[in-house]
file final_37.cif (mmCIF, C-alpha atoms, pLDDT in the B column; chains and numbers go by the auth columns)
data_data
#
loop_
_atom_site.group_PDB
_atom_site.id
_atom_site.type_symbol
_atom_site.label_atom_id
_atom_site.label_comp_id
_atom_site.label_asym_id
_atom_site.label_seq_id
_atom_site.Cartn_x
_atom_site.Cartn_y
_atom_site.Cartn_z
_atom_site.B_iso_or_equiv
_atom_site.auth_seq_id
_atom_site.auth_asym_id
ATOM 1 C CA MET A 1 69.401 123.390 130.293 73.00 1 A
ATOM 2 C CA ARG A 2 70.951 120.385 128.554 82.00 2 A
ATOM 3 C CA PHE A 3 68.744 120.932 125.487 87.00 3 A
ATOM 4 C CA LEU A 4 69.763 124.586 125.325 89.00 4 A
ATOM 5 C CA TRP A 5 73.436 123.572 125.434 88.00 5 A
ATOM 6 C CA ILE A 6 72.914 120.986 122.686 91.00 6 A
ATOM 7 C CA ILE A 7 70.956 123.430 120.508 92.00 7 A
ATOM 8 C CA LEU A 8 73.510 126.233 120.872 93.00 8 A
ATOM 9 C CA SER A 9 76.472 123.919 120.262 93.00 9 A
ATOM 10 C CA ALA A 10 74.775 122.276 117.288 93.00 10 A
ATOM 11 C CA ALA A 11 73.863 125.695 115.861 95.00 11 A
ATOM 12 C CA VAL A 12 77.529 126.725 115.880 96.00 12 A
ATOM 13 C CA MET A 13 78.427 123.480 114.100 95.00 13 A
ATOM 14 C CA VAL A 14 75.663 123.950 111.519 97.00 14 A
ATOM 15 C CA GLY A 15 76.872 127.504 110.912 96.00 15 A
ATOM 16 C CA LEU A 16 80.459 126.370 110.407 97.00 16 A
ATOM 17 C CA ASP A 17 79.344 123.574 108.086 97.00 17 A
ATOM 18 C CA GLN A 18 77.102 125.820 105.982 98.00 18 A
ATOM 19 C CA TRP A 19 79.793 128.514 105.810 98.00 19 A
ATOM 20 C CA THR A 20 82.402 126.040 104.484 98.00 20 A
ATOM 21 C CA LYS A 21 79.906 124.726 101.938 98.00 21 A
ATOM 22 C CA ALA A 22 79.066 128.264 100.789 97.00 22 A
ATOM 23 C CA LEU A 23 82.788 129.045 100.448 97.00 23 A
ATOM 24 C CA THR A 24 83.253 125.901 98.397 97.00 24 A
ATOM 25 C CA VAL A 25 80.354 126.659 96.051 97.00 25 A
ATOM 26 C CA ALA A 26 81.442 130.297 95.639 97.00 26 A
ATOM 27 C CA ASN A 27 85.146 129.629 95.054 97.00 27 A
ATOM 28 C CA ILE A 28 85.589 126.198 93.496 97.00 28 A
ATOM 29 C CA PRO A 29 83.833 125.157 90.283 97.00 29 A
ATOM 30 C CA LEU A 30 81.973 121.848 90.451 95.00 30 A
ATOM 31 C CA GLY A 31 84.602 119.117 90.079 93.00 31 A
ATOM 32 C CA GLY A 32 87.414 121.628 90.583 95.00 32 A
ATOM 33 C CA GLU A 33 90.290 121.129 93.020 94.00 33 A
ATOM 34 C CA VAL A 34 92.242 123.557 95.190 94.00 34 A
ATOM 35 C CA PRO A 35 95.447 122.275 96.812 92.00 35 A
ATOM 36 C CA PHE A 36 95.707 122.910 100.532 90.00 36 A
ATOM 37 C CA TRP A 37 98.273 120.601 102.134 91.00 37 A
ATOM 38 C CA ASP A 38 100.339 118.876 99.462 88.00 38 A
ATOM 39 C CA GLY A 39 100.231 115.111 99.796 87.00 39 A
ATOM 40 C CA VAL A 40 97.651 115.224 102.598 91.00 40 A
ATOM 41 C CA PHE A 41 94.433 116.796 101.325 92.00 41 A
ATOM 42 C CA HIS A 42 92.930 119.262 98.903 94.00 42 A
ATOM 43 C CA PHE A 43 89.510 120.806 98.440 96.00 43 A
ATOM 44 C CA THR A 44 87.332 119.334 95.697 95.00 44 A
ATOM 45 C CA HIS A 45 83.822 120.622 94.969 97.00 45 A
ATOM 46 C CA PHE A 46 81.537 117.582 94.756 94.00 46 A
ATOM 47 C CA GLN A 47 77.750 117.183 94.911 94.00 47 A
ATOM 48 C CA ASN A 48 76.811 113.932 96.638 91.00 48 A
ATOM 49 C CA THR A 49 73.250 112.649 96.197 86.00 49 A
ATOM 50 C CA GLY A 50 74.089 109.486 98.126 75.00 50 A
ATOM 51 C CA MET A 51 75.749 108.746 101.417 72.00 51 A
ATOM 52 C CA ALA A 52 79.395 107.779 102.054 67.00 52 A
ATOM 53 C CA PHE A 53 81.186 106.773 98.845 58.00 53 A
ATOM 54 C CA SER A 54 78.005 107.867 96.955 63.00 54 A
ATOM 55 C CA MET A 55 76.154 104.713 98.004 66.00 55 A
ATOM 56 C CA LEU A 56 72.368 104.786 97.480 67.00 56 A
ATOM 57 C CA GLU A 57 72.589 107.728 95.078 69.00 57 A
ATOM 58 C CA GLY A 58 69.303 109.522 94.600 68.00 58 A
ATOM 59 C CA ALA A 59 67.710 108.239 97.826 71.00 59 A
ATOM 60 C CA ARG A 60 67.106 111.793 99.035 74.00 60 A
ATOM 61 C CA TRP A 61 63.830 111.103 100.836 81.00 61 A
ATOM 62 C CA LEU A 62 65.223 108.035 102.574 84.00 62 A
ATOM 63 C CA PHE A 63 68.126 110.115 103.930 81.00 63 A
ATOM 64 C CA LEU A 64 65.808 112.932 105.002 89.00 64 A
ATOM 65 C CA VAL A 65 63.508 110.563 106.899 91.00 65 A
ATOM 66 C CA LEU A 66 66.358 108.565 108.480 90.00 66 A
ATOM 67 C CA THR A 67 68.140 111.733 109.568 91.00 67 A
ATOM 68 C CA VAL A 68 65.019 113.170 111.204 94.00 68 A
ATOM 69 C CA LEU A 69 64.332 109.845 112.951 96.00 69 A
ATOM 70 C CA MET A 70 67.922 109.564 114.218 94.00 70 A
ATOM 71 C CA LEU A 71 67.960 113.134 115.493 94.00 71 A
ATOM 72 C CA ALA A 72 64.607 112.608 117.223 95.00 72 A
ATOM 73 C CA ALA A 73 65.849 109.372 118.819 96.00 73 A
ATOM 74 C CA LEU A 74 68.993 111.069 120.141 95.00 74 A
ATOM 75 C CA LEU A 75 67.054 113.997 121.583 93.00 75 A
ATOM 76 C CA PHE A 76 64.510 111.586 123.092 96.00 76 A
ATOM 77 C CA ALA A 77 67.389 109.688 124.746 94.00 77 A
ATOM 78 C CA VAL A 78 68.708 112.949 126.189 94.00 78 A
ATOM 79 C CA GLY A 79 65.231 113.874 127.430 93.00 79 A
ATOM 80 C CA LYS A 80 64.919 110.485 129.140 94.00 80 A
ATOM 81 C CA ARG A 81 68.424 111.018 130.572 92.00 81 A
ATOM 82 C CA TRP A 82 69.653 107.837 128.915 92.00 82 A
ATOM 83 C CA ILE A 83 72.445 109.986 127.514 92.00 83 A
ATOM 84 C CA HIS A 84 73.795 112.439 130.044 91.00 84 A
ATOM 85 C CA GLY A 85 76.936 114.079 131.345 92.00 85 A
ATOM 86 C CA PRO A 86 79.282 116.422 129.481 92.00 86 A
ATOM 87 C CA LEU A 87 80.758 113.810 127.133 94.00 87 A
ATOM 88 C CA GLY A 88 77.409 112.221 126.273 94.00 88 A
ATOM 89 C CA LEU A 89 75.819 115.602 125.593 95.00 89 A
ATOM 90 C CA ALA A 90 78.826 116.763 123.547 95.00 90 A
ATOM 91 C CA ALA A 91 78.500 113.605 121.452 96.00 91 A
ATOM 92 C CA VAL A 92 74.817 114.287 120.829 96.00 92 A
ATOM 93 C CA ALA A 93 75.519 117.954 119.994 96.00 93 A
ATOM 94 C CA CYS A 94 78.119 116.906 117.391 96.00 94 A
ATOM 95 C CA ILE A 95 75.809 114.348 115.796 96.00 95 A
ATOM 96 C CA VAL A 96 72.872 116.787 115.788 96.00 96 A
ATOM 97 C CA GLY A 97 74.998 119.615 114.361 96.00 97 A
ATOM 98 C CA GLY A 98 76.415 117.453 111.593 96.00 98 A
ATOM 99 C CA GLY A 99 73.099 115.783 110.884 95.00 99 A
ATOM 100 C CA VAL A 100 71.251 119.083 110.576 96.00 100 A
ATOM 101 C CA GLY A 101 74.021 120.530 108.388 96.00 101 A
ATOM 102 C CA ASN A 102 73.630 117.741 105.846 94.00 102 A
ATOM 103 C CA LEU A 103 69.842 117.689 106.286 94.00 103 A
ATOM 104 C CA ILE A 104 69.691 121.331 105.188 95.00 104 A
ATOM 105 C CA ASP A 105 71.632 120.520 102.015 95.00 105 A
ATOM 106 C CA ARG A 106 69.462 117.527 101.154 92.00 106 A
ATOM 107 C CA ALA A 107 66.218 119.393 101.823 93.00 107 A
ATOM 108 C CA VAL A 108 67.200 122.561 99.927 94.00 108 A
ATOM 109 C CA HIS A 109 69.392 121.257 97.100 93.00 109 A
ATOM 110 C CA GLY A 110 68.739 117.515 96.881 91.00 110 A
ATOM 111 C CA TYR A 111 72.432 116.793 97.425 93.00 111 A
ATOM 112 C CA VAL A 112 75.182 117.408 99.970 94.00 112 A
ATOM 113 C CA VAL A 113 78.141 119.630 99.116 96.00 113 A
ATOM 114 C CA ASP A 114 81.369 117.764 99.864 96.00 114 A
ATOM 115 C CA MET A 115 84.812 119.312 99.650 96.00 115 A
ATOM 116 C CA ILE A 116 87.514 117.574 101.700 95.00 116 A
ATOM 117 C CA GLU A 117 89.470 114.978 99.716 94.00 117 A
ATOM 118 C CA LEU A 118 92.331 113.042 101.279 93.00 118 A
ATOM 119 C CA GLU A 119 95.322 112.585 98.994 90.00 119 A
ATOM 120 C CA PHE A 120 97.261 110.067 101.069 89.00 120 A
ATOM 121 C CA MET A 121 94.531 107.426 100.858 88.00 121 A
ATOM 122 C CA ASP A 122 91.618 106.468 98.625 82.00 122 A
ATOM 123 C CA PHE A 123 88.668 107.721 100.645 84.00 123 A
ATOM 124 C CA ALA A 124 85.327 109.417 100.028 85.00 124 A
ATOM 125 C CA ILE A 125 85.150 113.181 99.624 90.00 125 A
ATOM 126 C CA PHE A 126 83.446 114.531 102.732 94.00 126 A
ATOM 127 C CA ASN A 127 82.471 117.765 104.479 96.00 127 A
ATOM 128 C CA VAL A 128 82.553 119.457 107.880 97.00 128 A
ATOM 129 C CA ALA A 129 79.145 118.043 108.872 96.00 129 A
ATOM 130 C CA ASP A 130 80.449 114.527 108.216 95.00 130 A
ATOM 131 C CA CYS A 131 83.390 115.277 110.508 95.00 131 A
ATOM 132 C CA PHE A 132 81.029 116.367 113.290 97.00 132 A
ATOM 133 C CA VAL A 133 78.883 113.242 112.908 96.00 133 A
ATOM 134 C CA CYS A 134 81.935 110.959 113.029 95.00 134 A
ATOM 135 C CA ILE A 135 83.444 112.770 116.016 97.00 135 A
ATOM 136 C CA GLY A 136 80.086 112.635 117.793 97.00 136 A
ATOM 137 C CA ALA A 137 79.672 108.921 117.068 96.00 137 A
ATOM 138 C CA ALA A 138 83.184 108.203 118.385 97.00 138 A
ATOM 139 C CA LEU A 139 82.484 110.261 121.529 97.00 139 A
ATOM 140 C CA LEU A 140 79.180 108.443 122.032 96.00 140 A
ATOM 141 C CA VAL A 141 80.883 105.046 121.765 96.00 141 A
ATOM 142 C CA LEU A 142 83.555 106.215 124.231 95.00 142 A
ATOM 143 C CA TRP A 143 80.871 107.509 126.583 94.00 143 A
ATOM 144 C CA VAL A 144 78.929 104.224 126.436 92.00 144 A
ATOM 145 C CA LEU A 145 82.007 102.022 126.909 92.00 145 A
ATOM 146 C CA VAL A 146 83.820 104.052 129.565 90.00 146 A
ATOM 147 C CA PHE A 147 81.591 106.574 131.285 82.00 147 A
ATOM 148 C CA ASP A 148 78.115 105.045 131.195 76.00 148 A
ATOM 149 C CA ARG A 149 79.073 102.077 133.317 66.00 149 A
ATOM 150 C CA LYS A 150 77.311 100.907 136.427 61.00 150 A
ATOM 151 C CA LYS A 151 79.373 99.775 139.393 51.00 151 A
ATOM 152 C CA GLY A 152 80.483 96.218 138.890 49.00 152 A
ATOM 153 C CA ASP A 153 79.832 96.193 135.128 53.00 153 A
ATOM 154 C CA LYS A 154 82.598 94.622 133.138 55.00 154 A
ATOM 155 C CA LEU A 155 83.200 94.785 129.396 48.00 155 A
#

call {"tool": "encode", "arguments": {"input": "final_37.cif", "output": "structure tokens"}}
result
Amino acid sequence: MRFLWIILSAAVMVGLDQWTKALTVANIPLGGEVPFWDGVFHFTHFQNTGMAFSMLEGARWLFLVLTVLMLAALLFAVGKRWIHGPLGLAAVACIVGGGVGNLIDRAVHGYVVDMIELEFMDFAIFNVADCFVCIGAALLVLWVLVFDRKKGDKL
């Protein structure tokens, strides 16, 4: 049942990610900007062949292999019940959903479509899948530090 919940949740996240990327490609020319919230962020159509901040540009196959390995490791951990409970499973679902969203882009196009650019700080342009991965990673850290404690364990 936990795998079904993860798969369904991740599928919704993948759908949302792919929908926002399709909207970006259809409505914003490559390199173009659309203001959304003045002074906070705007949408910028960017094709990223690297990872965050375009590091390791062109390492498509490395990212594909690492993503598949990470997703397999997370699902293995769930299967072994190393990660469990609502928060742990939600974290895994977010990471899987975001990871698969970007994996689809890399496999099909050779790059990831990014569109969210923060105006109030100098930061990488990112996408919805990146948001899911970051939220999932933060939830997983919270789960490990707070909820996956044995009696008597101290930080």

call {"tool": "closest_residue", "arguments": {"input": "final_37.cif", "among": "A:Leu8, A:Met1, A:Leu87, A:Met13", "to": "Val128 of chain A", "atoms": "only C-alpha atoms"}}
result
A:Met13

call {"tool": "closest_atom_pairs", "arguments": {"input": "final_37.cif", "of": "segment 52-139 of chain A", "to": "segment 37-44 of chain A", "cutoff": "12 Å", "atoms": "all atoms listed in the file", "output": "tab-separated table"}}
result
residue	atom	partner	partner_atom	distance
A:Val113	CA	A:Thr44	CA	9.8
A:Asp114	CA	A:Thr44	CA	7.4
A:Met115	CA	A:Thr44	CA	4.7
A:Ile116	CA	A:Phe43	CA	5.0
A:Glu117	CA	A:Phe41	CA	5.5
A:Leu118	CA	A:Phe41	CA	4.3
A:Glu119	CA	A:Phe41	CA	4.9
A:Phe120	CA	A:Val40	CA	5.4
A:Met121	CA	A:Val40	CA	8.6
A:Asp122	CA	A:Phe41	CA	11.0
A:Phe123	CA	A:Phe41	CA	10.8
A:Ala124	CA	A:Thr44	CA	11.0
A:Ile125	CA	A:Thr44	CA	7.6
A:Phe126	CA	A:Thr44	CA	9.4
A:Asn127	CA	A:Phe43	CA	9.8
A:Val128	CA	A:Phe43	CA	11.8

call {"tool": "resolve_selection", "arguments": {"input": "final_37.cif", "expression": "the PyMOL selection byres ((chain A and resi 15-29) around 10)", "output": "ChimeraX atom specification"}}
result
/A:10-14,30-34,43-47,97-98,100-102,104-105,112-116,127-132

call {"tool": "axis_aligned_box", "arguments": {"input": "final_37.cif", "around": "segment 83-86 of chain A", "padding_each_side": "6 Å", "output": "JSON"}}
result
{"center_x": 75.9, "center_y": 113.2, "center_z": 129.4, "size_x": 18.8, "size_y": 18.4, "size_z": 15.8}

call {"tool": "resolve_selection", "arguments": {"input": "final_37.cif", "expression": "the PyMOL selection byres ((chain A and resi 86) around 12)", "output": "short mmCIF file (atom, residue, chain, number, x, y, z; two decimals) with C-alpha atoms, in the coordinates of the input"}}
result
data_model
loop_
_atom_site.label_atom_id
_atom_site.label_comp_id
_atom_site.auth_asym_id
_atom_site.auth_seq_id
_atom_site.Cartn_x
_atom_site.Cartn_y
_atom_site.Cartn_z
CA ARG A 2 70.95 120.38 128.55
CA TRP A 5 73.44 123.57 125.43
CA ILE A 6 72.91 120.99 122.69
CA VAL A 78 68.71 112.95 126.19
CA ILE A 83 72.44 109.99 127.51
CA HIS A 84 73.80 112.44 130.04
CA GLY A 85 76.94 114.08 131.34
CA LEU A 87 80.76 113.81 127.13
CA GLY A 88 77.41 112.22 126.27
CA LEU A 89 75.82 115.60 125.59
CA ALA A 90 78.83 116.76 123.55
CA ALA A 91 78.50 113.60 121.45
CA VAL A 92 74.82 114.29 120.83
CA ALA A 93 75.52 117.95 119.99
CA LEU A 139 82.48 110.26 121.53
CA LEU A 140 79.18 108.44 122.03
CA TRP A 143 80.87 107.51 126.58
CA PHE A 147 81.59 106.57 131.28
CA ASP A 148 78.11 105.04 131.20
#

call {"tool": "atom_distance", "arguments": {"input": "final_37.cif", "atom1": "atom CA of Trp82 of chain A", "atom2": "atom CA of Leu66 of chain A"}}
result
20.7 Å

call {"tool": "atom_distance", "arguments": {"input": "final_37.cif", "atom1": "atom CA of Val146 of chain A", "atom2": "atom CA of Arg81 of chain A"}}
result
16.9 Å

call {"tool": "closest_residue", "arguments": {"input": "final_37.cif", "among": "A:Ala59, A:Val133, A:Met51, A:Leu64", "to": "Val108 of chain A", "atoms": "all atoms listed in the file"}}
result
A:Leu64

call {"tool": "atom_distance", "arguments": {"input": "final_37.cif", "atom1": "atom CA of Leu75 of chain A", "atom2": "atom CA of Ile135 of chain A"}}
result
17.4 Å

call {"tool": "resolve_selection", "arguments": {"input": "final_37.cif", "expression": "the PyMOL selection byres ((chain A and resi 63) around 12)", "output": "CSV table (one decimal) with C-alpha atoms, in the coordinates of the input"}}
result
chain,number,residue,atom,x,y,z
A,48,ASN,CA,76.8,113.9,96.6
A,49,THR,CA,73.2,112.6,96.2
A,50,GLY,CA,74.1,109.5,98.1
A,51,MET,CA,75.7,108.7,101.4
A,52,ALA,CA,79.4,107.8,102.1
A,55,MET,CA,76.2,104.7,98.0
A,56,LEU,CA,72.4,104.8,97.5
A,57,GLU,CA,72.6,107.7,95.1
A,58,GLY,CA,69.3,109.5,94.6
A,59,ALA,CA,67.7,108.2,97.8
A,60,ARG,CA,67.1,111.8,99.0
A,61,TRP,CA,63.8,111.1,100.8
A,62,LEU,CA,65.2,108.0,102.6
A,64,LEU,CA,65.8,112.9,105.0
A,65,VAL,CA,63.5,110.6,106.9
A,66,LEU,CA,66.4,108.6,108.5
A,67,THR,CA,68.1,111.7,109.6
A,68,VAL,CA,65.0,113.2,111.2
A,69,LEU,CA,64.3,109.8,113.0
A,70,MET,CA,67.9,109.6,114.2
A,71,LEU,CA,68.0,113.1,115.5
A,99,GLY,CA,73.1,115.8,110.9
A,100,VAL,CA,71.3,119.1,110.6
A,102,ASN,CA,73.6,117.7,105.8
A,103,LEU,CA,69.8,117.7,106.3
A,104,ILE,CA,69.7,121.3,105.2
A,105,ASP,CA,71.6,120.5,102.0
A,106,ARG,CA,69.5,117.5,101.2
A,107,ALA,CA,66.2,119.4,101.8
A,110,GLY,CA,68.7,117.5,96.9
A,111,TYR,CA,72.4,116.8,97.4
A,112,VAL,CA,75.2,117.4,100.0

call {"tool": "build_atoms", "arguments": {"input": "final_37.cif", "residues": "segment 54-81 of chain A", "atoms": "N, CA and C atoms", "output": "compact mmCIF listing (two decimals), in the coordinates of the input"}}
result
# COMPACT_ATOMS: atom_id res chain seq x y z
N SER A 54 79.13 107.71 97.89
CA SER A 54 78.00 107.87 96.96
C SER A 54 77.08 106.65 96.90
N MET A 55 77.07 105.85 97.96
CA MET A 55 76.15 104.71 98.00
C MET A 55 74.71 105.21 98.07
N LEU A 56 73.80 104.47 97.51
CA LEU A 56 72.37 104.79 97.48
C LEU A 56 72.11 106.16 96.87
N GLU A 57 72.78 106.45 95.76
CA GLU A 57 72.59 107.73 95.08
C GLU A 57 71.13 107.94 94.74
N GLY A 58 70.67 109.16 94.95
CA GLY A 58 69.30 109.52 94.60
C GLY A 58 68.26 109.16 95.65
N ALA A 59 68.67 108.63 96.78
CA ALA A 59 67.71 108.24 97.83
C ALA A 59 67.48 109.39 98.80
N ARG A 60 67.24 110.57 98.24
CA ARG A 60 67.11 111.79 99.04
C ARG A 60 66.08 111.65 100.15
N TRP A 61 64.89 111.17 99.84
CA TRP A 61 63.83 111.10 100.84
C TRP A 61 64.14 110.09 101.93
N LEU A 62 64.80 109.01 101.57
CA LEU A 62 65.22 108.04 102.57
C LEU A 62 66.18 108.69 103.56
N PHE A 63 67.16 109.45 103.05
CA PHE A 63 68.13 110.12 103.93
C PHE A 63 67.46 111.18 104.80
N LEU A 64 66.52 111.91 104.22
CA LEU A 64 65.81 112.93 105.00
C LEU A 64 65.04 112.29 106.16
N VAL A 65 64.31 111.24 105.87
CA VAL A 65 63.51 110.56 106.90
C VAL A 65 64.43 109.92 107.95
N LEU A 66 65.45 109.21 107.52
CA LEU A 66 66.36 108.56 108.48
C LEU A 66 67.08 109.58 109.36
N THR A 67 67.46 110.71 108.78
CA THR A 67 68.14 111.73 109.57
C THR A 67 67.21 112.30 110.63
N VAL A 68 65.98 112.63 110.24
CA VAL A 68 65.02 113.17 111.20
C VAL A 68 64.74 112.15 112.31
N LEU A 69 64.58 110.88 111.94
CA LEU A 69 64.33 109.84 112.95
C LEU A 69 65.52 109.68 113.91
N MET A 70 66.73 109.71 113.37
CA MET A 70 67.92 109.56 114.22
C MET A 70 68.07 110.75 115.17
N LEU A 71 67.86 111.95 114.64
CA LEU A 71 67.96 113.13 115.49
C LEU A 71 66.89 113.10 116.59
N ALA A 72 65.68 112.71 116.23
CA ALA A 72 64.61 112.61 117.22
C ALA A 72 64.94 111.56 118.29
N ALA A 73 65.49 110.43 117.87
CA ALA A 73 65.85 109.37 118.82
C ALA A 73 66.93 109.85 119.78
N LEU A 74 67.93 110.56 119.27
CA LEU A 74 68.99 111.07 120.14
C LEU A 74 68.45 112.08 121.15
N LEU A 75 67.61 113.00 120.68
CA LEU A 75 67.05 114.00 121.58
C LEU A 75 66.09 113.36 122.59
N PHE A 76 65.37 112.34 122.17
CA PHE A 76 64.51 111.59 123.09
C PHE A 76 65.36 110.93 124.18
N ALA A 77 66.49 110.33 123.78
CA ALA A 77 67.39 109.69 124.75
C ALA A 77 67.95 110.69 125.74
N VAL A 78 68.24 111.90 125.28
CA VAL A 78 68.71 112.95 126.19
C VAL A 78 67.58 113.35 127.14
N GLY A 79 66.38 113.51 126.60
CA GLY A 79 65.23 113.87 127.43
C GLY A 79 64.94 112.84 128.50
N LYS A 80 65.13 111.58 128.18
CA LYS A 80 64.92 110.48 129.14
C LYS A 80 66.13 110.30 130.06
N ARG A 81 67.17 111.08 129.82
CA ARG A 81 68.42 111.02 130.57
C ARG A 81 69.15 109.69 130.38
